[in-house]
file start_27.csv (CSV, C-alpha atoms)
chain,number,residue,atom,x,y,z
R,1,MET,CA,-52.9,12.0,70.2
R,2,ASN,CA,-55.5,13.2,67.8
R,3,TYR,CA,-55.6,16.9,67.3
R,4,LEU,CA,-58.5,18.8,65.7
R,5,SER,CA,-58.5,22.1,63.9
R,6,LEU,CA,-60.8,24.9,65.2
R,7,LYS,CA,-63.3,24.3,62.4
R,8,GLU,CA,-63.4,20.6,63.2
R,9,ALA,CA,-63.7,21.3,66.9
R,10,SER,CA,-66.6,23.7,66.4
R,11,GLU,CA,-68.4,21.2,64.3
R,12,ALA,CA,-67.8,18.4,66.8
R,13,THR,CA,-69.1,20.4,69.8
R,14,GLY,CA,-71.6,22.6,68.0
R,15,LEU,CA,-70.0,25.8,69.4
R,16,ASN,CA,-68.7,28.8,67.6
R,17,GLU,CA,-65.0,28.9,66.4
R,18,ALA,CA,-64.5,32.0,68.6
R,19,THR,CA,-65.4,30.0,71.7
R,20,ILE,CA,-62.9,27.3,70.8
R,21,ARG,CA,-60.3,30.0,70.1
R,22,ARG,CA,-60.9,31.5,73.5
R,23,LEU,CA,-60.4,28.1,75.1
R,24,CYS,CA,-57.1,27.7,73.2
R,25,LYS,CA,-55.9,31.0,74.5
R,26,LYS,CA,-56.4,30.1,78.2
R,27,PRO,CA,-53.1,29.4,80.1
R,28,ALA,CA,-54.5,26.1,81.4
R,29,SER,CA,-55.0,24.9,77.8
R,30,LYS,CA,-51.5,25.5,76.6
R,31,PRO,CA,-50.3,21.9,77.1
R,32,PHE,CA,-53.1,20.6,74.9
R,33,ILE,CA,-52.7,23.1,72.0
R,34,GLN,CA,-50.4,22.9,69.0
R,35,MET,CA,-49.7,25.5,66.3
R,36,LYS,CA,-49.6,24.1,62.8
R,37,LYS,CA,-48.9,25.8,59.6
R,38,GLY,CA,-51.8,26.0,57.2
R,39,LYS,CA,-52.6,27.6,53.9
R,40,GLN,CA,-53.6,30.8,55.5
R,41,GLY,CA,-50.8,30.8,58.1
R,42,ASP,CA,-50.5,29.4,61.6
R,43,MET,CA,-53.6,27.8,63.0
R,44,TYR,CA,-54.5,26.3,66.4
R,45,THR,CA,-55.1,22.6,66.8
R,46,ILE,CA,-56.5,21.3,70.0
R,47,GLN,CA,-56.3,17.8,71.5
R,48,ALA,CA,-59.6,16.0,71.0
R,49,ASN,CA,-59.7,14.4,74.4
R,50,TYR,CA,-59.1,17.7,76.2
R,51,LEU,CA,-61.7,19.5,74.0
R,52,PHE,CA,-64.4,16.9,74.8
R,53,ASP,CA,-63.5,17.0,78.5
R,54,VAL,CA,-64.2,20.8,78.5
R,55,TYR,CA,-67.1,20.8,76.0
R,56,PRO,CA,-69.0,17.6,75.4
R,57,PRO,CA,-69.5,16.5,71.8
R,58,LEU,CA,-72.6,17.6,70.1
R,59,LYS,CA,-73.6,14.0,69.1
R,60,PRO,CA,-71.6,10.9,68.5
R,61,THR,CA,-71.2,10.3,64.8
R,62,GLN,CA,-72.3,6.8,63.8
R,63,ASN,CA,-69.9,6.3,60.8
R,64,PRO,CA,-69.5,2.5,60.1
R,65,ALA,CA,-66.0,3.0,58.8
R,66,TYR,CA,-64.8,4.3,62.2
R,67,THR,CA,-65.2,3.2,65.8
R,68,ARG,CA,-65.1,5.5,68.8
R,69,VAL,CA,-62.2,4.9,71.2
R,70,ASP,CA,-62.3,6.4,74.7
R,71,ASN,CA,-58.7,5.6,75.5
R,72,ASP,CA,-56.3,8.5,76.1
R,73,LEU,CA,-53.4,6.4,74.6
R,74,THR,CA,-55.1,6.0,71.2
R,75,SER,CA,-56.6,8.4,68.7
R,76,LEU,CA,-60.2,9.4,68.9
R,77,HIS,CA,-61.2,7.7,65.8
R,78,LYS,CA,-59.6,4.4,64.8
R,79,GLU,CA,-59.8,2.8,61.4
R,80,PRO,CA,-61.2,-0.8,61.3
R,81,VAL,CA,-58.7,-3.6,61.5
R,82,GLN,CA,-57.7,-4.8,58.1
R,83,ASP,CA,-57.1,-8.5,57.1
R,84,TYR,CA,-53.4,-9.1,57.6
R,85,THR,CA,-53.6,-12.9,57.4
R,86,ALA,CA,-51.5,-13.1,54.2
R,87,LEU,CA,-48.9,-10.8,55.6
R,88,LEU,CA,-48.7,-12.8,58.8
R,89,ALA,CA,-48.4,-16.1,56.9
R,90,ALA,CA,-45.5,-14.6,54.9
R,91,LYS,CA,-43.8,-13.4,58.1
R,92,ASP,CA,-44.3,-16.8,59.7
R,93,GLU,CA,-42.7,-18.4,56.7
R,94,ILE,CA,-39.7,-16.1,56.9
R,95,ILE,CA,-39.4,-16.8,60.7
R,96,GLU,CA,-39.4,-20.6,60.0
R,97,LEU,CA,-36.7,-20.1,57.3
R,98,LEU,CA,-34.5,-18.1,59.7
R,99,LYS,CA,-35.0,-20.7,62.5
R,100,SER,CA,-33.9,-23.5,60.2
R,101,GLU,CA,-30.9,-21.5,59.0
R,102,THR,CA,-30.0,-20.8,62.7
R,103,ALA,CA,-30.2,-24.5,63.5
R,104,TYR,CA,-28.0,-25.3,60.6
R,105,LEU,CA,-25.4,-22.7,61.6
R,106,ARG,CA,-25.5,-24.0,65.2
R,107,ALA,CA,-24.8,-27.6,64.0
R,108,GLU,CA,-22.0,-26.4,61.8
R,109,ASN,CA,-20.5,-24.5,64.7
R,110,SER,CA,-20.7,-27.5,67.0
R,111,SER,CA,-19.0,-29.7,64.4
R,112,LEU,CA,-16.3,-27.2,63.9
R,113,ARG,CA,-15.7,-27.0,67.6
R,114,GLU,CA,-15.5,-30.8,67.9
R,115,GLU,CA,-13.0,-30.9,65.0
R,116,ASN,CA,-11.0,-28.2,66.8
R,117,ARG,CA,-11.0,-30.3,70.0
R,118,GLU,CA,-9.7,-33.3,68.1
R,119,LEU,CA,-7.0,-31.3,66.5
R,120,LYS,CA,-5.8,-30.0,69.8
R,121,LEU,CA,-5.5,-33.6,71.1
R,122,LEU,CA,-3.1,-34.6,68.3
R,123,PRO,CA,0.6,-34.5,69.1
R,124,PRO,CA,2.4,-31.5,67.6
R,125,PRO,CA,4.1,-32.3,64.3
R,126,SER,CA,7.7,-33.5,64.6
R,127,PHE,CA,10.4,-32.4,62.2
R,128,PRO,CA,13.4,-34.6,61.3
R,129,ALA,CA,16.6,-33.6,63.2
R,130,THR,CA,18.7,-33.4,60.0
R,131,PRO,CA,17.3,-31.9,56.9
R,132,VAL,CA,17.1,-34.3,54.0
R,133,THR,CA,18.4,-33.2,50.7
R,134,PRO,CA,18.2,-35.4,47.6
R,135,ASP,CA,21.5,-37.2,46.8
R,136,ASN,CA,23.8,-34.4,47.9
R,137,GLY,CA,26.2,-36.0,50.3
R,138,PRO,CA,28.7,-33.1,50.5
R,139,ASN,CA,25.9,-30.5,50.9
R,140,GLN,CA,24.6,-32.4,54.0
R,141,SER,CA,28.0,-32.4,55.7
R,142,GLU,CA,28.5,-28.7,54.8
R,143,GLN,CA,25.2,-27.8,56.3
R,144,GLN,CA,25.8,-29.7,59.5
R,145,ASN,CA,29.3,-28.2,59.9
R,146,LYS,CA,28.1,-24.7,59.1
R,147,LYS,CA,27.7,-22.6,62.3
R,148,SER,CA,25.3,-19.7,62.7
R,149,PHE,CA,26.7,-16.2,62.9
R,150,TRP,CA,26.3,-16.0,66.6
R,151,LYS,CA,28.0,-19.3,67.3
R,152,ARG,CA,30.9,-18.3,65.1
R,153,LEU,CA,31.2,-15.0,66.8
R,154,PHE,CA,31.2,-16.3,70.4
R,155,SER,CA,32.9,-19.6,70.0
call {"tool": "encode", "arguments": {"input": "start_27.csv", "output": "structure tokens"}}
result
Amino acid sequence: MNYLSLKEASEATGLNEATIRRLCKKPASKPFIQMKKGKQGDMYTIQANYLFDVYPPLKPTQNPAYTRVDNDLTSLHKEPVQDYTALLAAKDEIIELLKSETAYLRAENSSLREENRELKLLPPPSFPATPVTPDNGPNQSEQQNKKSFWKRLFS
């Protein structure tokens, strides 16, 4: 919403500032008024659309740098649209880069999933029943005859 000071409102409507101040003090005007801190203290600001509903503007200003907008959802004066083609081209380039990176990551993800499926299909690794030790015949027989603590305890 675009808010005007009392001085701006009086210039826009051609009325005295005291008249605008009386409008601001009415109870029905309270939702459309804001108090702002200025150099000389608090000052009233009034919503432009409400002001022009109550008091029509003196004359529409024909400033080529601004265009009048009669929509309550936008400000009263709107700056002209700038040329954003270079910015849009850069954003499009970034979007394409992100899309290609996303496609690469999706392909990588699917290949990893396929590799995971293949690994799950392989039989589990089998270990030899007797541990192999290099050229230690007596150690092999000792290890085979050696019982665990619990087997020695309960047998």
call {"tool": "closest_residue", "arguments": {"input": "start_27.csv", "among": "R:Asn49, R:Asn116, R:Ser5, R:Ser100", "to": "Lys37 (chain R)", "atoms": "only C-alpha atoms"}}
result
R:Ser5
call {"tool": "residues_around", "arguments": {"input": "start_27.csv", "residues": "Met43 (chain R)", "least_positions_apart": "2", "cutoff": "12 Å", "atoms": "all atoms listed in the file", "output": "list in words"}}
result
Tyr3, Leu4, Ser5, Leu6, Lys7, Glu17, Arg21, Cys24, Ile33, Gln34, Met35, Lys36, Lys37, Gly38, Lys39, Gln40, Gly41, Thr45 and Ile46 of chain R
call {"tool": "atom_distance", "arguments": {"input": "start_27.csv", "atom1": "CA of Glu93 (chain R)", "atom2": "CA of Ser110 (chain R)"}}
result
25.9 Å
call {"tool": "atom_distance", "arguments": {"input": "start_27.csv", "atom1": "CA of Lys120 (chain R)", "atom2": "CA of Arg106 (chain R)"}}
result
21.1 Å
call {"tool": "residues_around", "arguments": {"input": "start_27.csv", "residues": "Phe52 (chain R)", "least_positions_apart": "6", "cutoff": "10 Å", "atoms": "all atoms listed in the file", "output": "ChimeraX atom specification"}}
result
/R:9,12-13,58
call {"tool": "closest_residue", "arguments": {"input": "start_27.csv", "among": "R:Pro27, R:Glu8, R:Glu96, R:Ala86", "to": "Leu51 (chain R)", "atoms": "all atoms listed in the file"}}
result
R:Glu8
call {"tool": "atom_distance", "arguments": {"input": "start_27.csv", "atom1": "CA of Asp53 (chain R)", "atom2": "CA of Lys26 (chain R)"}}
result
14.9 Å
call {"tool": "closest_residue", "arguments": {"input": "start_27.csv", "among": "R:Asp42, R:Asp83, R:Glu101, R:Glu11", "to": "Pro57 (chain R)", "atoms": "only C-alpha atoms"}}
result
R:Glu11
